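*Asks:* Attaching a single structure in structure tokens format; questions to follow.
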Amino acid sequence: MKSQCLPFQQIPHTTRLFLDCLSYTPSVRSFYPRSPIFSEWVKDESQRVPYDAVRRGKVREILERQNRAWGASSKTLANIERFKQGALAAVTGQQVGLFGGPLFSIFKALTAVKLAEQATAAGVDCVPVFWLATEDHDLAEVNHVALLSEQGLPERLLVESPAFDGNAVEDAPVGTVKFGPQIEPVVERAAALLGDSEVATWLRQAYRPGESLGSAFGLLFARLFADWGVILLDPAEKDFHDLAKPLFRAAIERASELDEALLARGKALEAAGYHQQVKVTSATTLLFEVKNGARTVVRRRSNDANGAEFAVGEERSSSEELIERIEEAPKTFSPNALFRPVVQDYLLPTLVYTGGAAEVAYFAQAGVVYEKLLRRVTPILPRFSATLLEAKAERLLTRYQLSLPEVFQGPDKVREVIAARSLPSDLQARFSEAYASVEQSMAALRESIGKLDSTLIDTAESTRSSVSHQIDRLRARVARAEQQRNEVITRHADALSHALFPNKVLQEREVAGVSFVARYGTELLANLYQHVHPDCHDHQVIEVQ
């Protein structure tokens, strides 16, 4: 497969924080402990990963039990054995989206594999771990996905509440919500879109009545990454919560201290010109508690001489009462977005985490929690990012001499550009002549005016710019007229936008990864893996055939 690099400066909606993190400018170094160049610090960082041997043994038992239940490959089980013997972990994770979620979920797993491979080659034994975010409670974020239709257009498949087995409590952790019989027609539609493929078979085996979004995701990814040895982890396991009790207790006992640190970090980020990914207030804590099946935020109400008081929904509790509940039922507690990576890296000997721009922003805030509770901030690296360029889209880009950044300007702009480049050759020549004539005439005029009065040169230049702008406007109007006359232009423009920038977001965020694996086979993963270079942080444009 051929590829080309596209700097993130040309990717829509890229934040300044992410761009500065990629270039590791001085202004971000107080928020991130390591540069984005993995090879510079992998060996040094490996000496700074504390991990209790007893905890390692318990985590290994849970991982082996979970992965065997998902049908883990011999390579995954071998990696769990390496974990037992002392290997560190290259970790990534994602919400358990329907049918494996968007394409970038696959990119995340491949990036973790590549980081583990590079660390091991550098003398630091390391295995890839994928964290299934089953404790998230926003069902609307994970109950749908877009698969490519027969016409190459993204078709949205949605699992509505009736498709779940009568237990889709609002705000319930998605790992507790199981499918009912109504999932079957959704799976059959997905299988029809995927065609006669191995992936369609895997979907039927994984997404069936009785499974949850989490367990189905695990079953699917165990098959997708059987040859890669990716270790899957479901944090909703009771035994994981038992291990995490010291951190849950600390989140309550040190709630005021942690909140003050987060508020100060937020101010520091804003002072440096960056955004806060998670809003933090004086009532913020790092925990949720499940109440009546719903994941409910734990809020601080006061912290005075009479002791700390908290609220979980409408229920008020003292810190002592909350800690007692944590001791008795840790399974009902779970971390928020800023605390999740800290809990993760307490449970795992994490050498490095890899994620997208939002996770990079989380870590800028979460760093202070790491420092307070773990005394080490796990380095984060950007995951592999790419747009897959299929043959039809590649032909259209070539035909109209379009670049991907032009497609990123949105479907209206794409239609206008294609229309302009579809004008009759003689008309295009006339416009080119008009531009050249203006440039030539105004250059001569500007030279003569400069000899007469140099203060008028800027006015002459402004006039030249204005005339060129008027020609641009005329050309755009002609292009729109051509667009209205020619339905082929609209069809081709829409095909490009749907394929490369669907719903005005990157393809990797909108289209399911299984669509591409079904089309090109599991060898696609091996081909993509060759393009994963952890020390190169551009967006990749990859031609697939």
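Starting from 1 in every chain, residues are counted up; chains themselves are A, B, ... following the order of the structure tokens, and ligands are numbered from 1 as listed.
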With a cut-off of 8 Å, could you pull out the residues of segment 211-308 of chain A touching segment 344-361 of chain A and give me the nearest pair of atoms for each, distance in Å to one decimal, using only C-alpha atoms, ordered by chain and ascending number, as CSV?
*Replies:*
```
residue,atom,partner,partner_atom,distance
A:Phe240,CA,A:Leu347,CA,7.5
A:Leu243,CA,A:Leu347,CA,7.4
A:Ala244,CA,A:Leu347,CA,7.1
A:Gln276,CA,A:Ala361,CA,7.3
A:Gln277,CA,A:Ala361,CA,5.8
```
*Asks:* Could you tell me, as a VMD selection string, which residues of segment 72-192 of chain A DSSP assigns to strand (DSSP E) when given the backbone?
*Replies:* chain A and resid 88 to 95 126 to 133 144 to 148 154 to 158
*Asks:* Next, dump the selected residues to file, keeping only N, CA, C and O atoms, as an mmCIF file, in the first residue's frame.
*Replies:*
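out.cif, written as the output of this step:
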```cif
data_model
loop_
_atom_site.group_PDB
_atom_site.id
_atom_site.type_symbol
_atom_site.label_atom_id
_atom_site.label_comp_id
_atom_site.auth_asym_id
_atom_site.auth_seq_id
_atom_site.Cartn_x
_atom_site.Cartn_y
_atom_site.Cartn_z
ATOM 1 N N LEU A 88 6.282 -5.331 31.021
ATOM 2 C CA LEU A 88 5.505 -4.100 31.164
ATOM 3 C C LEU A 88 4.408 -4.088 30.099
ATOM 4 O O LEU A 88 4.312 -4.995 29.279
ATOM 5 N N ALA A 89 3.586 -3.028 30.104
ATOM 6 C CA ALA A 89 2.440 -2.973 29.193
ATOM 7 C C ALA A 89 2.423 -1.687 28.393
ATOM 8 O O ALA A 89 2.655 -0.598 28.934
ATOM 9 N N ALA A 90 2.167 -1.828 27.083
ATOM 10 C CA ALA A 90 1.816 -0.695 26.223
ATOM 11 C C ALA A 90 0.300 -0.726 26.108
ATOM 12 O O ALA A 90 -0.271 -1.675 25.570
ATOM 13 N N VAL A 91 -0.358 0.294 26.624
ATOM 14 C CA VAL A 91 -1.800 0.239 26.845
ATOM 15 C C VAL A 91 -2.526 1.227 25.942
ATOM 16 O O VAL A 91 -2.041 2.328 25.666
ATOM 17 N N THR A 92 -3.688 0.816 25.487
ATOM 18 C CA THR A 92 -4.632 1.710 24.841
ATOM 19 C C THR A 92 -6.020 1.270 25.281
ATOM 20 O O THR A 92 -6.171 0.305 26.030
ATOM 21 N N GLY A 93 -7.046 1.961 24.819
ATOM 22 C CA GLY A 93 -8.401 1.590 25.215
ATOM 23 C C GLY A 93 -9.428 2.384 24.446
ATOM 24 O O GLY A 93 -9.099 3.362 23.770
ATOM 25 N N GLN A 94 -10.672 1.944 24.564
ATOM 26 C CA GLN A 94 -11.738 2.613 23.824
ATOM 27 C C GLN A 94 -13.089 2.184 24.364
ATOM 28 O O GLN A 94 -13.235 1.091 24.918
ATOM 29 N N GLN A 95 -14.078 3.045 24.197
ATOM 30 C CA GLN A 95 -15.451 2.661 24.494
ATOM 31 C C GLN A 95 -15.837 1.475 23.623
ATOM 32 O O GLN A 95 -15.399 1.363 22.472
ATOM 33 N N CYS A 126 7.705 -6.099 26.824
ATOM 34 C CA CYS A 126 6.469 -5.314 26.876
ATOM 35 C C CYS A 126 5.394 -6.018 26.058
ATOM 36 O O CYS A 126 5.680 -6.608 25.007
ATOM 37 N N VAL A 127 4.154 -5.983 26.545
ATOM 38 C CA VAL A 127 3.030 -6.613 25.855
ATOM 39 C C VAL A 127 1.928 -5.585 25.624
ATOM 40 O O VAL A 127 1.790 -4.625 26.380
ATOM 41 N N PRO A 128 1.118 -5.763 24.559
ATOM 42 C CA PRO A 128 0.028 -4.810 24.279
ATOM 43 C C PRO A 128 -1.238 -5.163 25.046
ATOM 44 O O PRO A 128 -1.647 -6.330 25.092
ATOM 45 N N VAL A 129 -1.862 -4.149 25.636
ATOM 46 C CA VAL A 129 -3.103 -4.336 26.399
ATOM 47 C C VAL A 129 -4.147 -3.345 25.892
ATOM 48 O O VAL A 129 -3.846 -2.154 25.727
ATOM 49 N N PHE A 130 -5.366 -3.842 25.667
ATOM 50 C CA PHE A 130 -6.484 -2.995 25.208
ATOM 51 C C PHE A 130 -7.542 -2.967 26.311
ATOM 52 O O PHE A 130 -8.120 -3.987 26.670
ATOM 53 N N TRP A 131 -7.796 -1.782 26.846
ATOM 54 C CA TRP A 131 -8.734 -1.559 27.951
ATOM 55 C C TRP A 131 -10.129 -1.319 27.376
ATOM 56 O O TRP A 131 -10.348 -0.360 26.639
ATOM 57 N N LEU A 132 -11.062 -2.195 27.688
ATOM 58 C CA LEU A 132 -12.443 -2.036 27.222
ATOM 59 C C LEU A 132 -13.187 -1.129 28.197
ATOM 60 O O LEU A 132 -13.362 -1.481 29.367
ATOM 61 N N ALA A 133 -13.637 0.010 27.733
ATOM 62 C CA ALA A 133 -14.278 0.995 28.613
ATOM 63 C C ALA A 133 -15.741 0.616 28.855
ATOM 64 O O ALA A 133 -16.664 1.303 28.411
ATOM 65 N N HIS A 144 -24.354 2.681 18.183
ATOM 66 C CA HIS A 144 -24.503 2.851 16.739
ATOM 67 C C HIS A 144 -23.136 2.830 16.068
ATOM 68 O O HIS A 144 -22.102 3.037 16.727
ATOM 69 N N VAL A 145 -23.141 2.603 14.786
ATOM 70 C CA VAL A 145 -21.915 2.635 14.001
ATOM 71 C C VAL A 145 -22.303 2.753 12.535
ATOM 72 O O VAL A 145 -23.430 2.402 12.157
ATOM 73 N N ALA A 146 -21.398 3.250 11.714
ATOM 74 C CA ALA A 146 -21.661 3.361 10.275
ATOM 75 C C ALA A 146 -20.832 2.324 9.536
ATOM 76 O O ALA A 146 -19.612 2.262 9.697
ATOM 77 N N LEU A 147 -21.508 1.507 8.737
ATOM 78 C CA LEU A 147 -20.842 0.552 7.864
ATOM 79 C C LEU A 147 -21.011 1.016 6.429
ATOM 80 O O LEU A 147 -22.003 1.674 6.095
ATOM 81 N N LEU A 148 -20.046 0.676 5.598
ATOM 82 C CA LEU A 148 -20.125 1.079 4.203
ATOM 83 C C LEU A 148 -21.193 0.262 3.479
ATOM 84 O O LEU A 148 -21.225 -0.970 3.570
ATOM 85 N N PRO A 154 -21.629 5.553 3.900
ATOM 86 C CA PRO A 154 -21.788 5.095 5.278
ATOM 87 C C PRO A 154 -23.269 4.912 5.622
ATOM 88 O O PRO A 154 -24.063 5.838 5.452
ATOM 89 N N GLU A 155 -23.620 3.727 6.085
ATOM 90 C CA GLU A 155 -24.991 3.452 6.511
ATOM 91 C C GLU A 155 -24.991 3.271 8.024
ATOM 92 O O GLU A 155 -24.286 2.414 8.569
ATOM 93 N N ARG A 156 -25.788 4.073 8.697
ATOM 94 C CA ARG A 156 -25.802 4.067 10.164
ATOM 95 C C ARG A 156 -26.679 2.926 10.680
ATOM 96 O O ARG A 156 -27.862 2.832 10.328
ATOM 97 N N LEU A 157 -26.101 2.085 11.511
ATOM 98 C CA LEU A 157 -26.841 1.016 12.172
ATOM 99 C C LEU A 157 -26.947 1.357 13.649
ATOM 100 O O LEU A 157 -25.955 1.711 14.289
ATOM 101 N N LEU A 158 -28.140 1.235 14.178
ATOM 102 C CA LEU A 158 -28.433 1.666 15.548
ATOM 103 C C LEU A 158 -29.120 0.549 16.305
ATOM 104 O O LEU A 158 -30.034 -0.095 15.785
#
```
*Asks:* Just the helix (DSSP H, G or I) stuff from segment 174-370 of chain A, please, per backbone DSSP, written as JSON, numbers by chain.
*Replies:* {"A": [174, 175, 176, 183, 184, 185, 186, 187, 188, 189, 190, 191, 192, 193, 194, 198, 199, 200, 201, 202, 203, 204, 205, 206, 213, 214, 215, 216, 217, 218, 219, 220, 221, 222, 223, 224, 238, 239, 240, 241, 242, 243, 245, 246, 247, 248, 249, 250, 251, 252, 253, 255, 256, 257, 258, 259, 260, 261, 262, 263, 264, 265, 266, 267, 268, 269, 270, 271, 319, 320, 321, 322, 323, 324, 325, 326, 327, 328, 330, 331, 332, 340, 341, 342, 343, 344, 345, 346, 347, 357, 358, 359, 360, 361, 362, 363, 364, 365, 366, 367, 368, 369, 370]}
*Asks:* What is the atom CA of Ala206 of chain A-atom CA of Leu220 of chain A distance in Å, reported with one decimal?
*Replies:* 5.9 Å
